[in-house]
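Participant: Below is the file start.txt, which contains compact mmCIF, C-alpha atoms.
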# COMPACT_ATOMS: atom_id res chain seq x y z
CA MET S 25 96.39 87.44 87.45
CA MET S 26 94.50 87.73 90.74
CA GLY S 27 91.72 85.49 89.50
CA ALA S 28 90.68 87.96 86.79
CA SER S 29 89.02 86.18 83.90
CA THR S 30 88.29 89.10 81.56
CA LYS S 31 90.54 91.69 79.94
CA GLU S 32 89.03 94.52 81.98
CA GLY S 33 89.48 92.56 85.21
CA TYR S 34 93.05 91.73 84.26
CA ASP S 35 93.89 95.36 83.46
CA ILE S 36 92.50 96.57 86.81
CA ALA S 37 94.45 93.92 88.71
CA LYS S 38 97.66 94.76 86.84
CA LYS S 39 97.33 98.51 87.47
CA SER S 40 96.51 97.88 91.13
CA ARG S 41 99.56 95.68 91.65
CA LYS S 42 101.75 98.40 90.17
CA ILE S 43 100.39 100.91 92.70
CA VAL S 44 100.82 98.43 95.55
CA ARG S 45 104.41 97.78 94.52
CA SER S 46 105.22 101.49 94.50
CA LEU S 47 103.71 101.87 97.98
CA ILE S 48 105.53 99.04 99.74
CA LYS S 49 108.56 98.03 97.68
CA ASP S 50 111.12 99.34 100.17
CA GLN S 51 109.51 97.49 103.04
CA ILE S 52 109.51 94.10 101.32
CA LYS S 53 112.79 94.22 99.39
CA ASP S 54 114.50 91.67 101.66
CA LEU S 55 111.84 89.02 101.11
CA THR S 56 111.99 86.25 98.51
CA LEU S 57 109.96 86.74 95.32
CA GLU S 58 107.23 84.36 96.55
CA GLU S 59 107.04 86.19 99.87
CA GLN S 60 106.88 89.56 98.10
CA ASP S 61 103.99 88.30 96.01
CA ILE S 62 102.12 87.26 99.16
CA VAL S 63 102.52 90.66 100.83
CA GLU S 64 101.64 92.57 97.65
CA ARG S 65 98.53 90.49 97.24
CA ILE S 66 97.45 91.16 100.84
CA VAL S 67 97.83 94.91 100.33
CA HIS S 68 96.03 94.68 96.98
CA SER S 69 93.12 92.85 98.66
CA THR S 70 92.76 95.13 101.67
CA ALA S 71 93.97 98.49 100.28
CA ASP S 72 95.81 98.70 103.58
CA SER S 73 99.56 99.14 103.17
CA GLU S 74 100.11 98.76 106.91
CA TYR S 75 100.12 95.02 106.25
CA ALA S 76 103.59 95.35 104.70
CA LYS S 77 104.97 95.82 108.18
CA LEU S 78 102.56 93.48 110.02
CA VAL S 79 103.16 90.29 108.04
CA LYS S 80 105.63 87.79 109.56
CA ILE S 81 106.70 84.73 107.58
CA SER S 82 108.69 81.82 109.01
CA PRO S 83 111.67 80.78 106.85
CA ASN S 84 110.19 77.40 105.95
CA PHE S 85 106.64 78.61 105.32
CA VAL S 86 106.73 79.07 101.55
CA SER S 87 108.72 75.92 100.75
CA ASN S 88 106.55 73.70 102.97
CA SER S 89 103.34 75.21 101.64
CA LEU S 90 104.37 74.84 97.99
CA LYS S 91 105.32 71.22 98.58
CA ALA S 92 101.89 70.51 100.11
CA LEU S 93 100.09 72.29 97.27
CA LYS S 94 102.06 70.45 94.60
CA ASN S 95 101.08 67.18 96.35
CA LYS S 96 97.42 68.31 96.27
CA GLU S 97 97.15 68.04 100.04
CA ASP S 98 93.99 69.46 101.59
CA ILE S 99 93.47 73.09 102.56
CA LEU S 100 91.37 73.42 105.71
CA THR S 101 89.71 76.79 106.37
CA ASP S 102 88.15 78.01 109.60
CA ILE S 103 85.08 79.60 108.00
CA ASN S 104 83.27 79.34 104.69
CA MET S 105 84.18 82.88 103.61
CA VAL S 106 87.82 81.77 103.31
CA LYS S 107 86.83 78.64 101.43
CA ALA S 108 84.69 80.71 99.02
CA GLY S 109 87.70 82.84 98.10
CA ILE S 110 89.94 79.93 97.14
CA THR S 111 88.70 79.21 93.65
CA GLN S 112 91.74 78.03 91.69
CA TYR S 113 92.98 75.01 93.66
CA GLU S 114 93.01 71.57 92.13
CA GLY S 115 93.04 69.81 95.50
CA ASN S 116 90.31 69.86 98.16
CA VAL S 117 89.37 72.92 100.16
CA GLU S 118 87.47 71.93 103.30
CA CYS S 119 85.53 73.79 105.97
CA TYR S 120 83.69 71.84 108.66
CA ILE S 121 82.06 74.63 110.64
CA LYS S 122 78.53 73.65 109.58
CA ASN S 123 79.13 69.91 109.99
CA GLU S 124 76.67 68.23 112.39
CA MET S 125 79.44 66.31 114.19
CA VAL S 126 81.29 69.58 114.72
CA LYS S 127 78.22 71.17 116.30
CA LYS S 128 78.03 68.16 118.63
CA ILE S 129 81.73 68.36 119.59
CA ALA S 130 81.39 72.11 120.26
CA LYS S 131 78.42 71.55 122.53
CA GLU S 132 79.96 68.63 124.43
CA GLU S 133 83.37 70.21 124.96
CA LYS S 134 82.01 73.75 125.40
CA ILE S 135 84.35 75.14 122.73
CA THR S 136 83.66 77.25 119.65
CA ARG S 137 82.52 75.54 116.47
CA ALA S 138 85.64 76.88 114.74
CA ALA S 139 87.83 75.03 117.28
CA ALA S 140 85.67 71.91 117.14
CA ALA S 141 86.07 71.89 113.34
CA ILE S 142 89.86 71.63 113.69
CA GLU S 143 89.42 68.76 116.15
CA TYR S 144 87.07 67.06 113.71
CA ALA S 145 89.63 67.41 110.90
CA ALA S 146 92.37 65.93 113.11
CA LYS S 147 90.16 62.93 113.94
CA ASN S 148 89.58 62.46 110.21
CA ASP S 149 93.29 62.27 109.37
CA PHE S 150 93.68 65.75 107.95
CA LYS S 151 97.03 66.44 106.32
CA GLY S 152 97.84 69.75 104.66
CA ILE S 153 97.59 73.50 105.07
CA ILE S 154 95.34 75.18 107.64
CA ALA S 155 94.09 78.68 106.75
CA ILE S 156 92.55 80.67 109.57
CA GLY S 157 91.11 84.09 108.69
CA ASN S 158 88.72 84.63 111.52
CA ALA S 159 88.78 82.59 114.72
CA PRO S 160 91.65 82.71 117.24
CA THR S 161 90.07 79.69 118.95
CA ALA S 162 90.65 77.63 115.78
CA LEU S 163 94.29 78.67 115.75
CA TYR S 164 94.81 77.79 119.43
CA LYS S 165 93.23 74.40 118.79
CA ALA S 166 95.45 73.69 115.76
CA ILE S 167 98.58 74.52 117.80
CA GLU S 168 97.39 72.37 120.72
CA LEU S 169 96.71 69.36 118.49
CA TYR S 170 100.01 69.80 116.64
CA GLU S 171 101.97 69.90 119.88
CA ALA S 172 100.17 66.77 121.09
CA GLY S 173 101.15 65.04 117.83
CA GLU S 174 97.50 64.60 116.87
CA ILE S 175 97.41 66.46 113.56
CA SER S 176 99.64 66.57 110.50
CA ILE S 177 100.16 70.19 109.42
CA ALA S 178 102.29 71.29 106.45
CA SER S 179 101.87 74.96 107.34
CA ILE S 180 99.46 77.39 108.96
CA VAL S 181 98.15 80.60 107.44
CA GLY S 182 97.30 82.16 110.80
CA VAL S 183 95.63 85.54 110.36
CA PRO S 184 92.64 85.64 112.71
CA VAL S 185 91.28 89.13 113.28
CA GLY S 186 89.95 90.99 116.28
CA PHE S 187 90.58 92.63 119.59
CA VAL S 188 90.12 89.49 121.71
CA GLY S 189 92.63 86.66 121.38
CA ALA S 190 93.75 87.23 117.79
CA ALA S 191 97.09 88.93 118.53
CA ASP S 192 97.92 86.43 121.33
CA SER S 193 97.07 83.41 119.20
CA LYS S 194 99.31 84.64 116.39
CA GLU S 195 102.20 85.34 118.78
CA LYS S 196 101.81 81.81 120.10
CA LEU S 197 101.95 80.43 116.54
CA GLN S 198 105.14 82.38 115.83
CA ASN S 199 106.75 80.59 118.78
CA THR S 200 106.02 77.08 117.51
CA SER S 201 107.98 75.03 115.00
CA ILE S 202 105.01 75.00 112.59
CA PRO S 203 105.84 76.70 109.27
CA ASN S 204 103.62 79.76 109.46
CA ILE S 205 102.60 83.18 108.27
CA THR S 206 100.87 85.65 110.61
CA THR S 207 100.07 89.33 111.02
CA ASN S 208 101.21 91.06 114.19
CA GLY S 209 98.45 92.66 116.26
CA PRO S 210 94.66 92.53 115.94
CA LYS S 211 94.45 93.01 112.16
CA GLY S 212 93.96 90.12 109.76
CA GLY S 213 90.84 88.53 108.34
CA THR S 214 89.36 86.47 105.57
CA PRO S 215 90.68 88.53 102.61
CA VAL S 216 94.18 88.31 104.11
CA ALA S 217 93.95 84.52 104.44
CA VAL S 218 92.55 84.23 100.92
CA ALA S 219 95.24 86.49 99.44
CA ILE S 220 98.00 84.38 101.02
CA VAL S 221 96.56 81.04 99.90
CA ASN S 222 95.84 82.25 96.37
CA SER S 223 99.34 83.66 96.02
CA LEU S 224 100.80 80.30 97.08
CA ILE S 225 98.54 78.42 94.67
CA GLN S 226 99.69 80.64 91.84
CA SER S 227 103.36 80.17 92.81
CA SER S 228 102.87 76.39 92.99
CA LYS S 229 101.78 76.34 89.34
CA LYS S 230 104.96 77.98 88.07
CA MET B 29 75.46 88.11 118.84
CA MET B 30 77.73 88.32 115.76
CA GLY B 31 76.67 84.85 114.64
CA ALA B 32 78.27 83.19 117.66
CA SER B 33 76.58 79.89 118.42
CA THR B 34 78.49 78.76 121.52
CA LYS B 35 79.01 80.36 124.91
CA GLU B 36 82.74 80.86 124.27
CA GLY B 37 82.04 82.45 120.89
CA TYR B 38 79.40 84.68 122.43
CA ASP B 39 81.72 85.80 125.24
CA ILE B 40 84.51 86.69 122.79
CA ALA B 41 82.10 88.67 120.60
CA LYS B 42 80.70 90.53 123.61
CA LYS B 43 84.12 91.46 124.96
CA SER B 44 85.26 92.54 121.49
CA ARG B 45 82.24 94.79 120.99
CA LYS B 46 82.95 96.46 124.34
CA ILE B 47 86.50 97.25 123.21
CA VAL B 48 85.27 98.51 119.83
CA ARG B 49 82.74 100.76 121.54
CA SER B 50 85.40 102.29 123.77
CA LEU B 51 87.61 102.96 120.74
CA ILE B 52 85.06 104.69 118.52
CA LYS B 53 82.15 105.86 120.63
CA ASP B 54 82.92 109.57 120.28
CA GLN B 55 83.13 109.30 116.52
CA ILE B 56 79.76 107.63 116.09
CA LYS B 57 77.70 109.34 118.78
CA ASP B 58 75.61 111.32 116.29
CA LEU B 59 74.46 108.22 114.40
CA THR B 60 71.22 106.32 115.04
CA LEU B 61 71.42 103.11 117.09
CA GLU B 62 71.15 100.96 113.95
CA GLU B 63 73.89 102.97 112.25
CA GLN B 64 76.12 102.72 115.32
CA ASP B 65 75.67 98.95 115.29
CA ILE B 66 76.76 98.83 111.65
CA VAL B 67 79.95 100.82 112.25
CA GLU B 68 80.81 98.88 115.42
CA ARG B 69 80.39 95.64 113.58
CA ILE B 70 82.68 96.79 110.75
CA VAL B 71 85.40 97.72 113.24
CA HIS B 72 84.88 94.43 115.10
CA SER B 73 85.28 92.49 111.83
CA THR B 74 88.34 94.32 110.56
CA ALA B 75 90.07 95.36 113.81
CA ASP B 76 90.55 98.64 111.98
CA SER B 77 89.07 101.60 113.83
CA GLU B 78 89.80 103.91 110.90
CA TYR B 79 86.49 102.70 109.48
CA ALA B 80 84.64 104.81 112.06
CA LYS B 81 85.61 107.86 110.06
CA LEU B 82 85.43 106.30 106.57
CA VAL B 83 81.85 105.00 106.66
CA LYS B 84 79.21 107.22 105.04
CA ILE B 85 75.52 106.35 105.36
CA SER B 86 72.73 108.05 103.40
CA PRO B 87 69.76 109.14 105.58
CA ASN B 88 67.34 106.66 104.01
CA PHE B 89 69.74 103.70 103.90
CA VAL B 90 68.78 101.91 107.11
CA SER B 91 65.00 102.39 106.78
CA ASN B 92 64.94 101.23 103.15
CA SER B 93 67.19 98.27 103.85
CA LEU B 94 65.15 97.13 106.87
CA LYS B 95 61.95 97.36 104.85
CA ALA B 96 63.45 95.18 102.10
CA LEU B 97 64.76 92.64 104.62
CA LYS B 98 61.41 92.43 106.42
CA ASN B 99 59.79 91.76 103.02
CA LYS B 100 62.37 88.99 102.41
CA GLU B 101 63.57 90.66 99.22
CA ASP B 102 66.72 89.21 97.67
CA ILE B 103 70.25 90.15 98.62
CA LEU B 104 72.58 90.15 95.59
CA THR B 105 76.33 89.93 96.27
CA ASP B 106 79.15 90.62 93.85
CA ILE B 107 81.28 87.65 94.85
CA ASN B 108 80.76 84.37 96.68
CA MET B 109 82.89 85.40 99.67
CA VAL B 110 80.22 87.97 100.59
CA LYS B 111 77.45 85.43 100.09
CA ALA B 112 79.30 82.91 102.29
CA GLY B 113 79.36 85.40 105.15
CA ILE B 114 75.61 86.06 105.18
CA THR B 115 74.39 83.03 107.10
CA GLN B 116 71.36 84.23 109.07
CA TYR B 117 68.98 85.57 106.39
CA GLU B 118 65.61 83.97 105.81
CA GLY B 119 65.32 85.34 102.25
CA ASN B 120 67.53 84.50 99.26
CA VAL B 121 71.17 85.50 98.98
CA GLU B 122 72.29 85.34 95.36
CA CYS B 123 75.62 85.59 93.56
CA TYR B 124 75.78 85.01 89.82
CA ILE B 125 79.51 85.38 89.16
CA LYS B 126 79.93 81.70 88.26
CA ASN B 127 76.72 81.52 86.19
CA GLU B 128 77.30 80.37 82.59
CA MET B 129 75.09 83.13 81.14
CA VAL B 130 77.12 85.68 83.07
CA LYS B 131 80.36 84.37 81.61
CA LYS B 132 78.77 84.72 78.16
CA ILE B 133 77.60 88.31 78.79
CA ALA B 134 81.05 89.27 80.10
CA LYS B 135 82.72 87.87 77.01
CA GLU B 136 80.28 89.44 74.54
CA GLU B 137 80.22 92.89 76.14
CA LYS B 138 83.90 92.83 77.16
CA ILE B 139 83.06 93.68 80.78
CA THR B 140 84.03 91.99 84.04
CA ARG B 141 82.06 89.01 85.24
CA ALA B 142 81.14 90.98 88.36
CA ALA B 143 79.51 93.67 86.18
CA ALA B 144 77.87 91.10 83.92
CA ALA B 145 76.36 89.42 87.00
CA ILE B 146 74.54 92.65 87.92
CA GLU B 147 73.24 92.91 84.36
CA TYR B 148 72.07 89.30 84.56
CA ALA B 149 70.22 90.01 87.82
CA ALA B 150 68.51 93.06 86.28
CA LYS B 151 67.35 90.99 83.32
CA ASN B 152 65.94 88.44 85.76
CA ASP B 153 63.81 91.01 87.60
CA PHE B 154 65.99 91.42 90.65
CA LYS B 155 64.48 93.48 93.46
CA GLY B 156 66.25 94.04 96.77
CA ILE B 157 69.59 94.94 98.31
CA ILE B 158 72.88 94.82 96.40
CA ALA B 159 76.00 94.15 98.48
CA ILE B 160 79.33 94.84 96.79
CA GLY B 161 82.48 94.00 98.75
CA ASN B 162 84.98 93.63 95.98
CA ALA B 163 84.38 94.88 92.45
CA PRO B 164 84.04 98.58 91.55
CA THR B 165 82.88 97.46 88.08
CA ALA B 166 79.83 95.80 89.68
CA LEU B 167 79.01 99.02 91.51
CA TYR B 168 79.32 101.15 88.37
CA LYS B 169 77.03 98.73 86.56
CA ALA B 170 74.39 98.80 89.31
CA ILE B 171 74.36 102.62 89.25
CA GLU B 172 74.15 102.67 85.44
CA LEU B 173 71.21 100.24 85.37
CA TYR B 174 69.44 102.09 88.19
CA GLU B 175 69.75 105.41 86.41
CA ALA B 176 68.42 103.84 83.21
CA GLY B 177 65.43 102.52 85.18
CA GLU B 178 66.41 98.93 84.44
CA ILE B 179 66.82 97.55 87.96
CA SER B 180 64.84 97.81 91.18
CA ILE B 181 67.19 98.53 94.07
CA ALA B 182 66.09 98.99 97.70
CA SER B 183 69.61 99.98 98.76
CA ILE B 184 73.27 99.41 97.94
CA VAL B 185 75.97 98.31 100.33
CA GLY B 186 78.81 99.72 98.25
CA VAL B 187 82.18 98.93 99.77
CA PRO B 188 84.43 97.72 96.95
CA VAL B 189 88.11 97.72 97.86
CA GLY B 190 91.28 98.63 96.03
CA PHE B 191 93.48 101.27 94.51
CA VAL B 192 91.86 101.25 91.07
CA GLY B 193 88.29 102.48 90.72
CA ALA B 194 87.00 101.66 94.20
CA ALA B 195 87.13 105.19 95.65
CA ASP B 196 85.67 106.72 92.47
CA SER B 197 82.84 104.21 92.26
CA LYS B 198 81.87 104.88 95.87
CA GLU B 199 81.93 108.64 95.38
CA LYS B 200 79.67 108.19 92.38
CA LEU B 201 77.24 106.12 94.46
CA GLN B 202 77.15 108.83 97.15
CA ASN B 203 75.98 111.27 94.47
CA THR B 204 72.99 109.19 93.38
CA SER B 205 69.53 109.00 94.95
CA ILE B 206 70.03 105.31 95.79
CA PRO B 207 69.89 104.64 99.55
CA ASN B 208 73.49 103.65 100.24
CA ILE B 209 76.36 102.99 102.58
CA THR B 210 79.97 103.38 101.45
CA THR B 211 83.50 103.81 102.77
CA ASN B 212 85.49 106.80 101.58
CA GLY B 213 88.78 105.99 99.85
CA PRO B 214 90.29 102.68 98.71
CA LYS B 215 89.47 100.65 101.85
CA GLY B 216 86.49 98.33 102.04
CA GLY B 217 86.12 94.66 101.25
CA THR B 218 84.14 91.52 101.82
CA PRO B 219 84.21 91.52 105.65
CA VAL B 220 82.96 95.13 105.58
CA ALA B 221 80.06 94.22 103.28
CA VAL B 222 79.25 91.17 105.38
CA ALA B 223 79.37 93.15 108.65
CA ILE B 224 76.93 95.73 107.26
CA VAL B 225 74.45 93.19 105.90
CA ASN B 226 74.55 91.03 109.04
CA SER B 227 74.00 94.06 111.26
CA LEU B 228 70.94 95.02 109.19
CA ILE B 229 69.59 91.46 109.30
CA GLN B 230 69.92 91.45 113.07
CA SER B 231 68.20 94.86 113.33
CA SER B 232 65.39 93.65 111.06
CA LYS B 233 64.57 90.85 113.50
CA LYS B 234 64.03 93.20 116.44
Would you write the structure of this file as structure tokens?

Facilitator:
Amino acid sequence: MMGASTKEGYDIAKKSRKIVRSLIKDQIKDLTLEEQDIVERIVHSTADSEYAKLVKISPNFVSNSLKALKNKEDILTDINMVKAGITQYEGNVECYIKNEMVKKIAKEEKITRAAAAIEYAAKNDFKGIIAIGNAPTALYKAIELYEAGEISIASIVGVPVGFVGAADSKEKLQNTSIPNITTNGPKGGTPVAVAIVNSLIQSSKK
Amino acid sequence: MMGASTKEGYDIAKKSRKIVRSLIKDQIKDLTLEEQDIVERIVHSTADSEYAKLVKISPNFVSNSLKALKNKEDILTDINMVKAGITQYEGNVECYIKNEMVKKIAKEEKITRAAAAIEYAAKNDFKGIIAIGNAPTALYKAIELYEAGEISIASIVGVPVGFVGAADSKEKLQNTSIPNITTNGPKGGTPVAVAIVNSLIQSSKK
């Protein structure tokens, strides 16, 4: 459970999930079991029960994501902190933010490296789940490429954080046809992205 | 600023910090400039202004941490997500959670791998800053080893997150003589730890 590999770790995780459940169970009772697990895991990871009301999940998000995970499609993350948190996946987890080509694209097109990394993935025939825990610019770029038919996306975990652009980028994602999960408003972040992806990975193994 | 490496990234970070400052400036006005930078960076990274009232900094925390960073002492993190977020340090950033010896210690002593990793570091003559963004058990272990005179700690960034143990472990740290920064209550996490360490690294270069 929750990546715990020792009895003590397992016991802590179990006790924590019980507390989380008691805090938010009324708010998530209309969700599917897989969706409930995602929200519980976010609250467990952040100790912030406000997420129970901020998380928005599109109806096809879980099914599309599980299908991609079962097919071992790639998971593309915006920054290495998200990649570092995804430790139990049997497929590839990629992050291109430190790639030399990405630095070049960012400089030439005057965009952020996080956005350039999505462009780089598209050019290299990426197919799978995109997990964005930090950069709104990466999320805007993924939407733009998807709408231009230039990238194959199974689903987007779109939870960038911050007071500039994050809320807008997530609202934009909610209005696309891309299967997605987001958090309303400025809150989000790498532990939220990691919690969502790890919950899906665990569900895909059942 | 904030690790941004492109003009767009820099502009977003600058605008965000301005918003953060307007949200919390009254609450942090009695802190030193370095301490204010730390708290602003936490709020920037989490989009959660509640941190302005949760963060507690011991009087010797910043000076001891800056001294250690200027001497290029090691930074030890509890999990790889924290390590992945510390990208601008010229010294070593270590995380032993996946080390084979650590797995062995955890099994033998029936403790978490996060706690065993602190024990492993102590045995290998660690000296520097410990940054804990996830595991209360790692924080308890660091305090225990420090009080037994078995580890050399310049300061602890102690911001484990969660409903089980995190708040208690941080309160315990506040009551030691170790230079420390913590967050009251269950909130904390890897972006908080990373924000603190990166703020200190930036201050150490001035």

Participant: Kindly provide, as a count of residues only, the residues of chain S having any atom no farther than 10 Å from an atom of chain B, counting only C-alpha atoms.

Facilitator: 59

Participant: Please compute the CA of Tyr168 (chain B)-CA of Asp196 (chain B) distance, one decimal, in Å.

Facilitator: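 That distance, rounded to one decimal, is 9.4 Å.
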
Participant: Do you know which residues are at most 12 Å from Ala146 (chain S) counting all atoms listed in the file, after dropping those on the same chain fewer than 6 positions away, and could you put them as a CSV table (one decimal) with C-alpha atoms, in the coordinates of the input?

Facilitator:
chain,number,residue,atom,x,y,z
S,100,LEU,CA,91.4,73.4,105.7
S,120,TYR,CA,83.7,71.8,108.7
S,126,VAL,CA,81.3,69.6,114.7
S,139,ALA,CA,87.8,75.0,117.3
S,140,ALA,CA,85.7,71.9,117.1
S,152,GLY,CA,97.8,69.8,104.7
S,154,ILE,CA,95.3,75.2,107.6
S,165,LYS,CA,93.2,74.4,118.8
S,166,ALA,CA,95.4,73.7,115.8
S,167,ILE,CA,98.6,74.5,117.8
S,168,GLU,CA,97.4,72.4,120.7
S,169,LEU,CA,96.7,69.4,118.5
S,170,TYR,CA,100.0,69.8,116.6
S,172,ALA,CA,100.2,66.8,121.1
S,173,GLY,CA,101.2,65.0,117.8
S,174,GLU,CA,97.5,64.6,116.9
S,175,ILE,CA,97.4,66.5,113.6
S,176,SER,CA,99.6,66.6,110.5
S,177,ILE,CA,100.2,70.2,109.4

Participant: Using all atoms listed in the file, which residue out of S:Glu58, S:Asp102, S:Glu133, S:Glu64 lies closest to Ser46 (chain S)?

Facilitator: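 So, comparing all the options, the nearest one is S:Glu64.
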
Participant: I'd like the neighbourhood of Ile99 (chain S) as JSON, numbers by chain, where a residue qualifies if any of its atoms comes within 9 Å (using only C-alpha atoms), though same-chain residues fewer than 6 positions away should be ignored.

Facilitator: {"S": [93, 107, 115, 116, 117, 118, 119, 151, 152, 153, 154, 155, 221]}

Participant: How big is the axis-aligned box, and where does its centre sit, when it encloses all atoms of region 116-130 of chain B listed in the file and has 8 Å added on every side, reported in Å to one decimal as lines of an AutoDock Vina configuration file?

Facilitator:
center_x = 72.6
center_y = 83.0
center_z = 95.1
size_x = 30.6
size_y = 21.3
size_z = 43.9

Participant: Can you tell me which residues surround Thr211 (chain B) at a distance of at most 9 Å, considering all atoms listed in the file, apart from same-chain residues fewer than 4 positions away, and format the answer as a ChimeraX atom specification?

Facilitator: /B:79,81-85,186-188,195,198-199,215-216

Participant: Figure out the distance between CA of Asn208 (chain S) and CA of Ala141 (chain S), please, to one decimal in Å.

Facilitator: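 Straight-line distance from CA of Ala141 (chain S) to CA of Asn208 (chain S) works out to 24.4 Å.
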
Participant: Need the shell around Ser201 (chain S): protein/DNA/RNA residues with any atom at most 12 Å away, counting only C-alpha atoms. Skip same-chain ones fewer than 4 positions apart. Format as a PyMOL selection string?

Facilitator: chain S and resi 82-85+167+170-171+177-180+196-197+205

Participant: Rounded to one decimal in Å, what is the spacing between CA of Ala92 (chain S) and CA of Tyr144 (chain S)?

Facilitator: 20.4 Å

Participant: Nearest to Leu55 (chain S) among S:Asn204, S:Ser73, S:Val86, S:Ile121, with distances taken over only C-alpha atoms: which residue is it?

Facilitator: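 Smallest distance to Leu55 (chain S) is found for S:Val86.
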